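Below is target_25.cif, which holds mmCIF, C-alpha atoms and all ligand atoms.
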```cif
data_target
loop_
_atom_site.group_PDB
_atom_site.id
_atom_site.type_symbol
_atom_site.label_atom_id
_atom_site.label_comp_id
_atom_site.auth_asym_id
_atom_site.auth_seq_id
_atom_site.Cartn_x
_atom_site.Cartn_y
_atom_site.Cartn_z
ATOM 1 C CA MET A 1 -60.509 -31.404 70.820
ATOM 2 C CA ALA A 2 -60.068 -29.179 67.842
ATOM 3 C CA GLN A 3 -57.644 -30.097 65.181
ATOM 4 C CA SER A 4 -55.775 -27.541 63.213
ATOM 5 C CA ALA A 5 -56.884 -27.441 59.596
ATOM 6 C CA ALA A 6 -53.792 -25.599 58.495
ATOM 7 C CA PRO A 7 -51.626 -27.716 56.171
ATOM 8 C CA ALA A 8 -48.150 -28.567 57.251
ATOM 9 C CA PRO A 9 -45.510 -26.470 55.580
ATOM 10 C CA ALA A 10 -44.428 -28.098 52.363
ATOM 11 C CA ALA A 11 -40.988 -29.561 52.336
ATOM 12 C CA SER A 12 -38.602 -27.900 50.019
ATOM 13 C CA THR A 13 -38.677 -29.631 46.673
ATOM 14 C CA ALA A 14 -35.694 -27.812 45.255
ATOM 15 C CA ILE A 15 -33.178 -30.247 43.849
ATOM 16 C CA PRO A 16 -29.615 -29.063 44.140
ATOM 17 C CA ALA A 17 -27.865 -28.762 40.844
ATOM 18 C CA VAL A 18 -25.117 -31.250 40.140
ATOM 19 C CA ALA A 19 -22.143 -29.858 38.354
ATOM 20 C CA PRO A 20 -21.479 -31.756 35.143
ATOM 21 C CA ILE A 21 -18.141 -33.508 34.810
ATOM 22 C CA SER A 22 -16.554 -33.312 31.415
ATOM 23 C CA LEU A 23 -14.861 -36.242 29.713
ATOM 24 C CA LYS A 24 -11.598 -34.287 29.707
ATOM 25 C CA GLU A 25 -11.670 -34.267 33.507
ATOM 26 C CA ILE A 26 -12.474 -37.967 33.780
ATOM 27 C CA ALA A 27 -10.127 -39.275 31.060
ATOM 28 C CA PRO A 28 -6.851 -39.293 33.070
ATOM 29 C CA TRP A 29 -8.537 -41.004 36.028
ATOM 30 C CA ALA A 30 -10.244 -43.524 33.757
ATOM 31 C CA LEU A 31 -6.889 -44.321 32.154
ATOM 32 C CA PHE A 32 -5.231 -44.655 35.567
ATOM 33 C CA VAL A 33 -7.940 -46.962 36.914
ATOM 34 C CA GLY A 34 -7.903 -48.938 33.671
ATOM 35 C CA VAL A 35 -4.150 -49.536 33.942
ATOM 36 C CA LEU A 36 -4.535 -50.561 37.593
ATOM 37 C CA MET A 37 -7.298 -52.998 36.683
ATOM 38 C CA LEU A 38 -5.207 -54.479 33.864
ATOM 39 C CA LEU A 39 -2.302 -54.893 36.267
ATOM 40 C CA LEU A 40 -4.592 -56.586 38.788
ATOM 41 C CA LEU A 41 -6.018 -58.805 36.052
ATOM 42 C CA TYR A 42 -2.480 -59.772 35.038
ATOM 43 C CA PHE A 43 -1.476 -60.680 38.592
ATOM 44 C CA VAL A 44 -4.670 -62.646 39.197
ATOM 45 C CA GLY A 45 -4.788 -64.346 35.833
ATOM 46 C CA ALA A 46 -1.257 -64.936 34.633
ATOM 47 C CA GLU A 47 1.432 -64.161 37.200
ATOM 48 C CA GLN A 48 3.180 -67.290 38.419
ATOM 49 C CA GLY A 49 1.046 -69.289 36.077
ATOM 50 C CA ALA A 50 1.563 -68.663 32.385
ATOM 51 C CA THR A 51 4.272 -66.080 33.119
ATOM 52 C CA SER A 52 6.306 -65.125 36.162
ATOM 53 C CA LEU A 53 7.697 -61.677 36.910
ATOM 54 C CA VAL A 54 8.051 -62.352 40.633
ATOM 55 C CA SER A 55 9.923 -65.440 41.740
ATOM 56 C CA GLY A 56 8.418 -67.792 44.272
ATOM 57 C CA GLU A 57 4.815 -68.762 44.939
ATOM 58 C CA ASN A 58 3.652 -65.840 47.103
ATOM 59 C CA VAL A 59 1.700 -63.910 44.453
ATOM 60 C CA HIS A 60 0.033 -67.099 43.303
ATOM 61 C CA GLU A 61 -1.021 -67.972 46.842
ATOM 62 C CA TRP A 62 -2.397 -64.484 47.487
ATOM 63 C CA VAL A 63 -4.567 -64.413 44.369
ATOM 64 C CA HIS A 64 -5.313 -68.126 44.123
ATOM 65 C CA ASP A 65 -8.975 -67.923 45.158
ATOM 66 C CA GLY A 66 -9.581 -64.990 42.842
ATOM 67 C CA ARG A 67 -8.003 -66.928 40.011
ATOM 68 C CA HIS A 68 -10.400 -69.805 40.516
ATOM 69 C CA LEU A 69 -13.352 -67.459 41.027
ATOM 70 C CA LEU A 70 -12.694 -65.774 37.682
ATOM 71 C CA GLY A 71 -12.184 -69.079 35.872
ATOM 72 C CA PHE A 72 -8.507 -68.762 35.010
ATOM 73 C CA PRO A 73 -6.757 -72.090 34.585
ATOM 74 C CA CYS A 74 -4.594 -72.875 37.550
ATOM 75 C CA HIS A 75 -3.958 -76.495 38.374
HETATM 76 ZN ZN ZN A 101 -5.631 -73.200 41.828
#
```
Please re-express this file's structure in structure tokens.
Amino acid sequence: MAQSAAPAPAASTAIPAVAPISLKEIAPWALFVGVLMLLLLYFVGAEQGATSLVSGENVHEWVHDGRHLLGFPCH
């Protein structure tokens, strides 16, 4: 049985170019995500603990495990 000595066609090694993203394009989204993360950090770490913007215990119960996981004082 004869085997073909011809090499297999080489796979294309061309790497598609990635368009660069400028800091001006990212800045508003980074600010938005940063504010959201600070708000989340406030609700996990301080709401219905050190401070209380929402009455009741619901927010505390929802984020209670996260509060303990992140080491915030709770009870
Ligand atoms: Zn707790």
Inset, instruction - Extract, using only C-alpha atoms, all DNA, RNA and protein residues at most 12 Å from region 62-70 of chain A, discarding same-chain residues fewer than 4 positions from it, and format them as a PyMOL selection string. - result: chain A and resi 40-49+56-58+74-75
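Computed from the coordinates, the CA of Gly71 (chain A) to CA of Val59 (chain A) distance equals 17.1 Å.
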Legend entry - Distance in Å - CA of Thr51 (chain A) versus CA of Phe32 (chain A): 23.6 Å
Would you mind putting back N, CA and C atoms on region 51-72 of chain A, then writing it out as a PDB file, keeping the file's coordinate frame?
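So the final result, stored in result_16.pdb, reads:
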```pdb
ATOM      1  N   THR A  51       3.028 -66.852  33.072  1.00  0.00           N
ATOM      2  CA  THR A  51       4.272 -66.080  33.119  1.00  0.00           C
ATOM      3  C   THR A  51       4.658 -65.875  34.575  1.00  0.00           C
ATOM      4  N   SER A  52       5.869 -65.361  34.794  1.00  0.00           N
ATOM      5  CA  SER A  52       6.306 -65.125  36.162  1.00  0.00           C
ATOM      6  C   SER A  52       7.280 -63.961  36.201  1.00  0.00           C
ATOM      7  N   LEU A  53       6.814 -62.823  36.706  1.00  0.00           N
ATOM      8  CA  LEU A  53       7.697 -61.677  36.910  1.00  0.00           C
ATOM      9  C   LEU A  53       8.309 -61.706  38.297  1.00  0.00           C
ATOM     10  N   VAL A  54       7.593 -62.291  39.243  1.00  0.00           N
ATOM     11  CA  VAL A  54       8.051 -62.352  40.633  1.00  0.00           C
ATOM     12  C   VAL A  54       8.367 -63.808  40.939  1.00  0.00           C
ATOM     13  N   SER A  55       9.558 -64.056  41.443  1.00  0.00           N
ATOM     14  CA  SER A  55       9.923 -65.440  41.740  1.00  0.00           C
ATOM     15  C   SER A  55       9.206 -65.919  42.999  1.00  0.00           C
ATOM     16  N   GLY A  56       9.078 -67.213  43.101  1.00  0.00           N
ATOM     17  CA  GLY A  56       8.418 -67.792  44.272  1.00  0.00           C
ATOM     18  C   GLY A  56       6.957 -68.059  44.001  1.00  0.00           C
ATOM     19  N   GLU A  57       6.235 -68.396  45.050  1.00  0.00           N
ATOM     20  CA  GLU A  57       4.815 -68.762  44.939  1.00  0.00           C
ATOM     21  C   GLU A  57       3.905 -67.796  45.674  1.00  0.00           C
ATOM     22  N   ASN A  58       4.461 -66.710  46.243  1.00  0.00           N
ATOM     23  CA  ASN A  58       3.652 -65.840  47.103  1.00  0.00           C
ATOM     24  C   ASN A  58       2.504 -65.176  46.359  1.00  0.00           C
ATOM     25  N   VAL A  59       2.761 -64.595  45.195  1.00  0.00           N
ATOM     26  CA  VAL A  59       1.700 -63.910  44.453  1.00  0.00           C
ATOM     27  C   VAL A  59       0.613 -64.910  44.087  1.00  0.00           C
ATOM     28  N   HIS A  60       1.012 -66.075  43.664  1.00  0.00           N
ATOM     29  CA  HIS A  60       0.033 -67.099  43.303  1.00  0.00           C
ATOM     30  C   HIS A  60      -0.846 -67.459  44.503  1.00  0.00           C
ATOM     31  N   GLU A  61      -0.242 -67.611  45.650  1.00  0.00           N
ATOM     32  CA  GLU A  61      -1.021 -67.972  46.842  1.00  0.00           C
ATOM     33  C   GLU A  61      -1.973 -66.859  47.242  1.00  0.00           C
ATOM     34  N   TRP A  62      -1.549 -65.611  47.093  1.00  0.00           N
ATOM     35  CA  TRP A  62      -2.397 -64.484  47.487  1.00  0.00           C
ATOM     36  C   TRP A  62      -3.614 -64.338  46.584  1.00  0.00           C
ATOM     37  N   VAL A  63      -3.464 -64.635  45.308  1.00  0.00           N
ATOM     38  CA  VAL A  63      -4.567 -64.413  44.369  1.00  0.00           C
ATOM     39  C   VAL A  63      -5.205 -65.723  43.923  1.00  0.00           C
ATOM     40  N   HIS A  64      -4.873 -66.819  44.581  1.00  0.00           N
ATOM     41  CA  HIS A  64      -5.313 -68.126  44.123  1.00  0.00           C
ATOM     42  C   HIS A  64      -6.836 -68.253  44.076  1.00  0.00           C
ATOM     43  N   ASP A  65      -7.509 -67.819  45.133  1.00  0.00           N
ATOM     44  CA  ASP A  65      -8.975 -67.923  45.158  1.00  0.00           C
ATOM     45  C   ASP A  65      -9.613 -67.049  44.089  1.00  0.00           C
ATOM     46  N   GLY A  66      -9.065 -65.860  43.894  1.00  0.00           N
ATOM     47  CA  GLY A  66      -9.581 -64.990  42.842  1.00  0.00           C
ATOM     48  C   GLY A  66      -9.383 -65.594  41.470  1.00  0.00           C
ATOM     49  N   ARG A  67      -8.279 -66.268  41.295  1.00  0.00           N
ATOM     50  CA  ARG A  67      -8.003 -66.928  40.011  1.00  0.00           C
ATOM     51  C   ARG A  67      -9.063 -67.991  39.727  1.00  0.00           C
ATOM     52  N   HIS A  68      -9.387 -68.789  40.718  1.00  0.00           N
ATOM     53  CA  HIS A  68     -10.400 -69.805  40.516  1.00  0.00           C
ATOM     54  C   HIS A  68     -11.784 -69.189  40.345  1.00  0.00           C
ATOM     55  N   LEU A  69     -12.051 -68.126  41.118  1.00  0.00           N
ATOM     56  CA  LEU A  69     -13.352 -67.459  41.027  1.00  0.00           C
ATOM     57  C   LEU A  69     -13.587 -66.906  39.633  1.00  0.00           C
ATOM     58  N   LEU A  70     -12.559 -66.376  39.001  1.00  0.00           N
ATOM     59  CA  LEU A  70     -12.694 -65.774  37.682  1.00  0.00           C
ATOM     60  C   LEU A  70     -12.522 -66.781  36.558  1.00  0.00           C
ATOM     61  N   GLY A  71     -12.238 -68.036  36.888  1.00  0.00           N
ATOM     62  CA  GLY A  71     -12.184 -69.079  35.872  1.00  0.00           C
ATOM     63  C   GLY A  71     -10.875 -69.191  35.134  1.00  0.00           C
ATOM     64  N   PHE A  72      -9.808 -68.607  35.659  1.00  0.00           N
ATOM     65  CA  PHE A  72      -8.507 -68.762  35.010  1.00  0.00           C
ATOM     66  C   PHE A  72      -7.978 -70.163  35.300  1.00  0.00           C
TER      67      PHE A  72
END
```
